[in-house]
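Asks: Got my_file23.cif for you, mmCIF, C-alpha atoms:
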```
data_protein
loop_
_atom_site.group_PDB
_atom_site.id
_atom_site.type_symbol
_atom_site.label_atom_id
_atom_site.label_comp_id
_atom_site.auth_asym_id
_atom_site.auth_seq_id
_atom_site.Cartn_x
_atom_site.Cartn_y
_atom_site.Cartn_z
ATOM 1 C CA MET Q 187 102.228 106.302 76.638
ATOM 2 C CA THR Q 188 104.208 103.465 78.197
ATOM 3 C CA SER Q 189 102.158 100.874 80.046
ATOM 4 C CA VAL Q 190 102.612 100.416 83.785
ATOM 5 C CA PHE Q 191 103.223 96.753 82.942
ATOM 6 C CA GLY Q 192 106.393 97.678 81.041
ATOM 7 C CA LEU Q 193 107.898 100.240 83.406
ATOM 8 C CA ALA Q 194 110.547 98.015 84.955
ATOM 9 C CA PRO Q 195 114.134 98.633 83.804
ATOM 10 C CA GLY Q 196 114.591 97.318 80.303
ATOM 11 C CA GLY Q 197 110.846 97.199 79.770
ATOM 12 C CA ARG Q 198 110.674 93.763 81.347
ATOM 13 C CA ALA Q 199 107.552 92.543 83.091
ATOM 14 C CA VAL Q 200 107.545 92.001 86.844
ATOM 15 C CA PRO Q 201 105.035 89.633 88.423
ATOM 16 C CA VAL Q 202 104.358 91.579 91.619
ATOM 17 C CA VAL Q 203 104.048 95.247 92.542
ATOM 18 C CA PRO Q 204 104.545 95.759 96.294
ATOM 19 C CA VAL Q 205 101.784 97.918 97.790
ATOM 20 C CA VAL Q 206 103.518 99.912 100.496
ATOM 21 C CA VAL Q 207 102.046 101.861 103.406
ATOM 22 C CA ILE Q 208 104.794 104.009 104.927
ATOM 23 C CA GLU Q 209 104.268 105.587 108.343
ATOM 24 C CA ASP Q 210 107.773 107.059 108.672
ATOM 25 C CA ALA Q 211 109.385 108.634 105.617
ATOM 26 C CA ALA Q 212 112.806 107.705 107.014
ATOM 27 C CA ASP Q 213 111.987 104.075 106.219
ATOM 28 C CA ALA Q 214 111.266 104.769 102.556
ATOM 29 C CA VAL Q 215 114.769 104.511 101.125
ATOM 30 C CA PRO Q 216 115.966 101.350 102.935
ATOM 31 C CA LEU Q 217 112.618 99.704 102.253
ATOM 32 C CA ALA Q 218 112.796 100.545 98.557
ATOM 33 C CA ARG Q 219 116.379 99.320 98.338
ATOM 34 C CA ALA Q 220 115.378 96.008 99.914
ATOM 35 C CA LEU Q 221 112.527 95.552 97.436
ATOM 36 C CA VAL Q 222 114.742 96.397 94.461
ATOM 37 C CA ALA Q 223 117.460 94.041 95.689
ATOM 38 C CA GLY Q 224 114.826 91.316 95.895
ATOM 39 C CA GLY Q 225 113.826 91.883 92.267
ATOM 40 C CA LEU Q 226 110.748 94.089 92.666
ATOM 41 C CA PRO Q 227 111.646 97.509 91.199
ATOM 42 C CA LEU Q 228 108.052 98.781 90.763
ATOM 43 C CA ILE Q 229 106.915 100.140 94.126
ATOM 44 C CA GLU Q 230 103.453 101.541 94.813
ATOM 45 C CA VAL Q 231 103.444 103.892 97.803
ATOM 46 C CA THR Q 232 99.864 104.380 98.924
ATOM 47 C CA LEU Q 233 98.699 107.901 99.742
ATOM 48 C CA ARG Q 234 97.171 106.761 103.025
ATOM 49 C CA THR Q 235 99.565 108.355 105.492
ATOM 50 C CA PRO Q 236 100.972 111.843 106.100
ATOM 51 C CA ALA Q 237 104.429 110.454 105.255
ATOM 52 C CA ALA Q 238 103.465 109.094 101.830
ATOM 53 C CA LEU Q 239 104.455 112.022 99.595
ATOM 54 C CA ASP Q 240 107.751 112.513 101.421
ATOM 55 C CA ALA Q 241 108.374 108.786 100.969
ATOM 56 C CA VAL Q 242 107.761 109.074 97.233
ATOM 57 C CA ARG Q 243 110.147 112.046 97.059
ATOM 58 C CA ALA Q 244 112.863 110.188 98.944
ATOM 59 C CA ILE Q 245 112.640 107.052 96.826
ATOM 60 C CA ALA Q 246 112.568 109.047 93.586
ATOM 61 C CA ALA Q 247 115.646 111.023 94.639
ATOM 62 C CA GLU Q 248 117.745 108.334 96.309
ATOM 63 C CA VAL Q 249 116.817 104.979 94.740
ATOM 64 C CA PRO Q 250 117.200 105.439 90.980
ATOM 65 C CA GLU Q 251 116.852 101.688 90.362
ATOM 66 C CA ALA Q 252 113.293 101.855 91.699
ATOM 67 C CA VAL Q 253 110.236 102.913 89.717
ATOM 68 C CA VAL Q 254 108.137 104.552 92.405
ATOM 69 C CA GLY Q 255 104.449 105.155 91.942
ATOM 70 C CA ALA Q 256 101.563 106.443 94.025
ATOM 71 C CA GLY Q 257 98.544 104.368 94.959
ATOM 72 C CA THR Q 258 95.192 105.155 96.564
ATOM 73 C CA VAL Q 259 94.986 108.170 94.251
ATOM 74 C CA VAL Q 260 91.386 109.372 94.534
ATOM 75 C CA SER Q 261 91.409 113.018 93.426
ATOM 76 C CA ALA Q 262 92.854 115.382 90.851
ATOM 77 C CA ALA Q 263 94.757 117.096 93.649
ATOM 78 C CA GLY Q 264 96.236 113.750 94.653
ATOM 79 C CA VAL Q 265 97.378 113.179 91.083
ATOM 80 C CA ALA Q 266 99.136 116.546 91.002
ATOM 81 C CA ASP Q 267 100.759 116.062 94.396
ATOM 82 C CA ALA Q 268 101.993 112.575 93.521
ATOM 83 C CA VAL Q 269 103.531 113.598 90.192
ATOM 84 C CA GLU Q 270 105.147 116.650 91.782
ATOM 85 C CA ALA Q 271 106.692 114.342 94.383
ATOM 86 C CA GLY Q 272 108.216 112.170 91.652
ATOM 87 C CA ALA Q 273 105.682 109.387 91.142
ATOM 88 C CA ARG Q 274 106.254 107.644 87.818
ATOM 89 C CA PHE Q 275 102.905 105.868 87.751
ATOM 90 C CA LEU Q 276 99.513 106.268 89.414
ATOM 91 C CA VAL Q 277 97.040 103.724 90.756
ATOM 92 C CA GLY Q 278 93.477 104.363 91.864
ATOM 93 C CA PRO Q 279 91.066 102.081 93.731
ATOM 94 C CA GLY Q 280 88.331 103.261 91.354
ATOM 95 C CA TRP Q 281 87.749 106.034 88.869
ATOM 96 C CA THR Q 282 85.519 108.958 87.976
ATOM 97 C CA GLU Q 283 85.556 111.136 84.876
ATOM 98 C CA ARG Q 284 87.403 113.865 86.760
ATOM 99 C CA LEU Q 285 89.993 111.510 88.217
ATOM 100 C CA LEU Q 286 90.518 109.776 84.885
ATOM 101 C CA GLY Q 287 91.010 113.134 83.174
ATOM 102 C CA ALA Q 288 93.607 114.174 85.731
ATOM 103 C CA MET Q 289 95.449 110.871 85.344
ATOM 104 C CA ARG Q 290 95.477 111.257 81.554
ATOM 105 C CA ASP Q 291 96.766 114.823 81.834
ATOM 106 C CA SER Q 292 99.509 113.835 84.295
ATOM 107 C CA GLY Q 293 101.751 112.449 81.561
ATOM 108 C CA VAL Q 294 102.591 109.286 83.540
ATOM 109 C CA PRO Q 295 101.136 105.775 83.142
ATOM 110 C CA PHE Q 296 98.147 104.964 85.323
ATOM 111 C CA LEU Q 297 95.863 102.149 86.441
ATOM 112 C CA PRO Q 298 92.301 103.190 87.281
ATOM 113 C CA GLY Q 299 90.487 100.724 89.498
ATOM 114 C CA VAL Q 300 87.553 98.534 88.412
ATOM 115 C CA SER Q 301 85.522 95.740 89.943
ATOM 116 C CA THR Q 302 82.691 95.225 87.414
ATOM 117 C CA ALA Q 303 82.384 94.435 83.727
ATOM 118 C CA SER Q 304 80.525 97.707 83.136
ATOM 119 C CA GLU Q 305 83.432 99.708 84.530
ATOM 120 C CA VAL Q 306 85.826 97.808 82.276
ATOM 121 C CA VAL Q 307 83.670 98.513 79.213
ATOM 122 C CA ALA Q 308 83.432 102.193 80.144
ATOM 123 C CA LEU Q 309 87.226 102.487 80.331
ATOM 124 C CA ILE Q 310 87.724 100.660 77.043
ATOM 125 C CA GLU Q 311 85.289 103.122 75.458
ATOM 126 C CA ARG Q 312 87.602 105.880 76.712
ATOM 127 C CA GLY Q 313 90.703 104.229 75.271
ATOM 128 C CA VAL Q 314 92.023 102.813 78.550
ATOM 129 C CA GLU Q 315 92.995 99.132 78.523
ATOM 130 C CA ASP Q 316 95.301 98.810 81.563
ATOM 131 C CA MET Q 317 93.411 98.664 84.868
ATOM 132 C CA LYS Q 318 93.620 97.712 88.505
ATOM 133 C CA PHE Q 319 91.147 95.006 89.584
ATOM 134 C CA PHE Q 320 90.207 95.839 93.171
ATOM 135 C CA PRO Q 321 89.407 94.433 95.653
ATOM 136 C CA ALA Q 322 90.493 91.326 93.791
ATOM 137 C CA GLU Q 323 89.563 88.491 96.122
ATOM 138 C CA ALA Q 324 86.375 90.130 97.400
ATOM 139 C CA ALA Q 325 85.272 91.043 93.859
ATOM 140 C CA GLY Q 326 85.432 87.508 92.457
ATOM 141 C CA GLY Q 327 89.110 86.728 92.159
ATOM 142 C CA VAL Q 328 90.546 84.411 89.532
ATOM 143 C CA PRO Q 329 87.196 83.014 88.306
ATOM 144 C CA TYR Q 330 85.843 86.518 87.698
ATOM 145 C CA LEU Q 331 88.882 87.698 85.760
ATOM 146 C CA LYS Q 332 88.897 84.463 83.754
ATOM 147 C CA SER Q 333 85.274 85.121 82.770
ATOM 148 C CA LEU Q 334 86.179 88.624 81.531
ATOM 149 C CA ALA Q 335 88.962 87.426 79.226
ATOM 150 C CA GLY Q 336 86.615 86.133 76.528
ATOM 151 C CA PRO Q 337 84.250 89.093 76.022
ATOM 152 C CA LEU Q 338 86.810 91.773 76.949
ATOM 153 C CA PRO Q 339 90.183 90.545 75.644
ATOM 154 C CA ARG Q 340 91.644 94.050 75.297
ATOM 155 C CA ALA Q 341 91.514 94.726 79.030
ATOM 156 C CA ARG Q 342 94.592 93.890 81.077
ATOM 157 C CA PHE Q 343 94.613 93.911 84.854
ATOM 158 C CA CYS Q 344 96.734 94.264 87.949
ATOM 159 C CA PRO Q 345 94.611 92.482 90.576
ATOM 160 C CA THR Q 346 95.161 93.808 94.094
ATOM 161 C CA GLY Q 347 93.463 93.112 97.387
ATOM 162 C CA GLY Q 348 93.733 89.955 99.451
ATOM 163 C CA ILE Q 349 96.269 88.259 97.185
ATOM 164 C CA SER Q 350 98.812 85.942 98.816
ATOM 165 C CA PRO Q 351 101.874 84.054 97.570
ATOM 166 C CA GLY Q 352 99.618 81.007 97.396
ATOM 167 C CA SER Q 353 96.971 82.628 95.209
ATOM 168 C CA ALA Q 354 99.219 84.882 93.099
ATOM 169 C CA PRO Q 355 100.353 82.179 90.615
ATOM 170 C CA ALA Q 356 96.766 81.456 89.553
ATOM 171 C CA TYR Q 357 96.252 85.148 88.774
ATOM 172 C CA LEU Q 358 99.547 85.395 86.915
ATOM 173 C CA ALA Q 359 98.581 82.434 84.746
ATOM 174 C CA LEU Q 360 95.602 84.346 83.308
ATOM 175 C CA PRO Q 361 96.106 85.897 79.854
ATOM 176 C CA ASN Q 362 94.547 89.206 80.949
ATOM 177 C CA VAL Q 363 96.745 89.721 84.018
ATOM 178 C CA GLY Q 364 99.949 91.735 83.654
ATOM 179 C CA CYS Q 365 101.010 91.594 87.300
ATOM 180 C CA VAL Q 366 99.500 91.461 90.770
ATOM 181 C CA GLY Q 367 99.731 93.873 93.668
ATOM 182 C CA GLY Q 368 100.450 92.592 97.134
ATOM 183 C CA THR Q 369 101.664 93.293 100.635
ATOM 184 C CA TRP Q 370 102.831 89.874 101.816
ATOM 185 C CA MET Q 371 106.503 90.757 101.308
ATOM 186 C CA LEU Q 372 106.008 93.611 103.796
ATOM 187 C CA PRO Q 373 104.836 91.956 107.027
ATOM 188 C CA PRO Q 374 104.161 94.464 109.825
ATOM 189 C CA SER Q 375 106.619 92.705 112.135
ATOM 190 C CA ALA Q 376 109.449 93.150 109.612
ATOM 191 C CA LEU Q 377 108.596 96.808 109.056
ATOM 192 C CA ALA Q 378 108.362 97.498 112.784
ATOM 193 C CA ALA Q 379 111.776 95.891 113.318
ATOM 194 C CA ARG Q 380 113.185 97.520 110.179
ATOM 195 C CA ASP Q 381 114.252 94.037 109.136
ATOM 196 C CA TRP Q 382 115.139 94.926 105.567
ATOM 197 C CA ALA Q 383 116.921 91.620 104.997
ATOM 198 C CA ARG Q 384 113.645 89.792 105.609
ATOM 199 C CA VAL Q 385 111.818 92.149 103.241
ATOM 200 C CA GLU Q 386 114.450 91.481 100.576
ATOM 201 C CA ALA Q 387 114.112 87.718 100.999
ATOM 202 C CA LEU Q 388 110.319 87.858 100.741
ATOM 203 C CA ALA Q 389 110.586 90.140 97.710
ATOM 204 C CA ARG Q 390 112.908 87.656 96.034
ATOM 205 C CA GLY Q 391 110.330 84.931 96.514
ATOM 206 C CA ALA Q 392 107.607 87.148 95.052
ATOM 207 C CA ALA Q 393 109.770 88.082 92.065
ATOM 208 C CA ALA Q 394 110.190 84.387 91.259
ATOM 209 C CA LEU Q 395 106.450 83.743 90.939
ATOM 210 C CA ARG Q 396 105.448 82.663 87.439
ATOM 211 C CA GLY Q 397 102.108 81.048 86.696
ATOM 212 C CA PRO Q 398 100.548 78.108 88.536
ATOM 213 C CA VAL Q 399 102.621 75.882 90.743
ATOM 214 C CA SER Q 400 100.854 72.816 89.345
ATOM 215 C CA ALA Q 401 98.410 72.094 86.531
#
```
As structure tokens - that is how I would like this structure written.
Replies:
Amino acid sequence: MTSVFGLAPGGRAVPVVPVVVIEDAADAVPLARALVAGGLPLIEVTLRTPAALDAVRAIAAEVPEAVVGAGTVVSAAGVADAVEAGARFLVGPGWTERLLGAMRDSGVPFLPGVSTASEVVALIERGVEDMKFFPAEAAGGVPYLKSLAGPLPRARFCPTGGISPGSAPAYLALPNVGCVGGTWMLPPSALAARDWARVEALARGAAALRGPVSA
């Protein structure tokens, strides 16, 4: 199965996956187009609002340049609903045996969430090496992930939770980080004003992030 880290067009890696909370499904398409235009084609729509599945459907149908996924997936039913809506990848804040089984059976790439070394080991035992590290900053951040790289080199992470444009480069410089998830390119004021040009500009800045700014 293709890795989430290689889902962007052409199999290229992208440094940041926008984590999107959509309250109005009518905003989904222009928002997705702004993110894609800014260089962020992987879009995680969180299943936190009643509009989320309709937003996934709209993006999947109308923004072919985007690779839309579903986040905050916490149940087998959520997996089924997200894939039916057109989600091309799945992200969970954690995992259970039942949820992991449903993600495996979905046929799309997935990132189960972890925050401890034991959870990482348990997933590796089950053949899963791509994971979400959540909540990244609260769970130990860059120092914690750096400490996992030696004993658990097979695990690769998408840290999400509290990451900013200032902290993202340090994560991206780690050998066990494939990308980061973030919301800073989606400020509430821009979404409320439907200022898609601002979203595009912030996305372009996020897409340009590569490793540490200074040694």
Asks: Name the closest residue to Q:Lys318 among the candidates Q:Arg396, Q:Arg390, Q:Arg380, Q:Arg342; distances are taken between atoms, counting only C-alpha atoms.
Replies: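 Using only C-alpha atoms, Q:Lys318 sits closest to Q:Arg342.
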Asks: Give me, as a compact mmCIF listing (two decimals) with C-alpha atoms, in the frame of the given file, all polymer residues having an atom no more than 12 Å from stretch 211-215 of chain Q, counting only C-alpha atoms and skipping those fewer than 3 positions away in the same chain.
Replies:
```txt
# COMPACT_ATOMS: atom_id res chain seq x y z
CA VAL Q 206 103.52 99.91 100.50
CA VAL Q 207 102.05 101.86 103.41
CA ILE Q 208 104.79 104.01 104.93
CA ALA Q 218 112.80 100.54 98.56
CA ARG Q 219 116.38 99.32 98.34
CA ALA Q 220 115.38 96.01 99.91
CA LEU Q 221 112.53 95.55 97.44
CA VAL Q 222 114.74 96.40 94.46
CA ILE Q 229 106.92 100.14 94.13
CA GLU Q 230 103.45 101.54 94.81
CA VAL Q 231 103.44 103.89 97.80
CA THR Q 232 99.86 104.38 98.92
CA THR Q 235 99.56 108.36 105.49
CA PRO Q 236 100.97 111.84 106.10
CA ALA Q 237 104.43 110.45 105.26
CA ALA Q 238 103.46 109.09 101.83
CA LEU Q 239 104.46 112.02 99.60
CA ASP Q 240 107.75 112.51 101.42
CA ALA Q 241 108.37 108.79 100.97
CA VAL Q 242 107.76 109.07 97.23
CA ARG Q 243 110.15 112.05 97.06
CA ALA Q 244 112.86 110.19 98.94
CA ILE Q 245 112.64 107.05 96.83
CA ALA Q 246 112.57 109.05 93.59
CA ALA Q 247 115.65 111.02 94.64
CA GLU Q 248 117.74 108.33 96.31
CA VAL Q 249 116.82 104.98 94.74
CA PRO Q 250 117.20 105.44 90.98
CA GLU Q 251 116.85 101.69 90.36
CA ALA Q 252 113.29 101.86 91.70
CA VAL Q 254 108.14 104.55 92.40
CA ALA Q 376 109.45 93.15 109.61
CA LEU Q 377 108.60 96.81 109.06
CA ALA Q 378 108.36 97.50 112.78
CA ALA Q 379 111.78 95.89 113.32
CA ARG Q 380 113.18 97.52 110.18
CA ASP Q 381 114.25 94.04 109.14
CA TRP Q 382 115.14 94.93 105.57
```
Asks: What is the distance, in Å and to one decimal place, between atom CA of Q:Ser261 and atom CA of Q:Phe191?
Replies: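 Computing it gives 22.7 Å between the two atoms.
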Asks: Mind dumping a table of every stretch 328-353 of chain Q residue within 12 Å of stretch 279-289 of chain Q, with the nearest atom pair and its distance in Å to one decimal, using all atoms listed in the file, sorted by chain and rising number, as a Markdown table?
Replies:
```
| residue | atom | partner | partner_atom | distance |
| --- | --- | --- | --- | --- |
| Q:Cys344 | CA | Q:Pro279 | CA | 11.3 |
| Q:Pro345 | CA | Q:Pro279 | CA | 10.7 |
| Q:Thr346 | CA | Q:Pro279 | CA | 9.2 |
| Q:Gly347 | CA | Q:Pro279 | CA | 10.0 |
```
Asks: Go through Q:Thr258, Q:Asn362, Q:Thr302, Q:Thr369 one by one, measure the shortest atom-to-atom distance of each to Q:Asp316 using all atoms listed in the file, and give the residue with the smallest value.
Replies: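 Nearest to Q:Asp316: Q:Asn362.
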Asks: Could you list, as a PDB file with C-alpha atoms, keeping the file's coordinate frame, every residue matched by the PyMOL selection byres ((chain Q and resi 303) around 12) in this structure?
Replies:
```
ATOM      1  CA  GLY Q 299      90.487 100.724  89.498  1.00  0.00           C
ATOM      2  CA  VAL Q 300      87.553  98.534  88.412  1.00  0.00           C
ATOM      3  CA  SER Q 301      85.522  95.740  89.943  1.00  0.00           C
ATOM      4  CA  THR Q 302      82.691  95.225  87.414  1.00  0.00           C
ATOM      5  CA  SER Q 304      80.525  97.707  83.136  1.00  0.00           C
ATOM      6  CA  GLU Q 305      83.432  99.708  84.530  1.00  0.00           C
ATOM      7  CA  VAL Q 306      85.826  97.808  82.276  1.00  0.00           C
ATOM      8  CA  VAL Q 307      83.670  98.513  79.213  1.00  0.00           C
ATOM      9  CA  ALA Q 308      83.432 102.193  80.144  1.00  0.00           C
ATOM     10  CA  LEU Q 309      87.226 102.487  80.331  1.00  0.00           C
ATOM     11  CA  ILE Q 310      87.724 100.660  77.043  1.00  0.00           C
ATOM     12  CA  MET Q 317      93.411  98.664  84.868  1.00  0.00           C
ATOM     13  CA  PHE Q 319      91.147  95.006  89.584  1.00  0.00           C
ATOM     14  CA  ALA Q 325      85.272  91.043  93.859  1.00  0.00           C
ATOM     15  CA  GLY Q 326      85.432  87.508  92.457  1.00  0.00           C
ATOM     16  CA  TYR Q 330      85.843  86.518  87.698  1.00  0.00           C
ATOM     17  CA  LEU Q 331      88.882  87.698  85.760  1.00  0.00           C
ATOM     18  CA  LYS Q 332      88.897  84.463  83.754  1.00  0.00           C
ATOM     19  CA  SER Q 333      85.274  85.121  82.770  1.00  0.00           C
ATOM     20  CA  LEU Q 334      86.179  88.624  81.531  1.00  0.00           C
ATOM     21  CA  ALA Q 335      88.962  87.426  79.226  1.00  0.00           C
ATOM     22  CA  GLY Q 336      86.615  86.133  76.528  1.00  0.00           C
ATOM     23  CA  PRO Q 337      84.250  89.093  76.022  1.00  0.00           C
ATOM     24  CA  LEU Q 338      86.810  91.773  76.949  1.00  0.00           C
ATOM     25  CA  PRO Q 339      90.183  90.545  75.644  1.00  0.00           C
ATOM     26  CA  ALA Q 341      91.514  94.726  79.030  1.00  0.00           C
TER      27      ALA Q 341
END
```
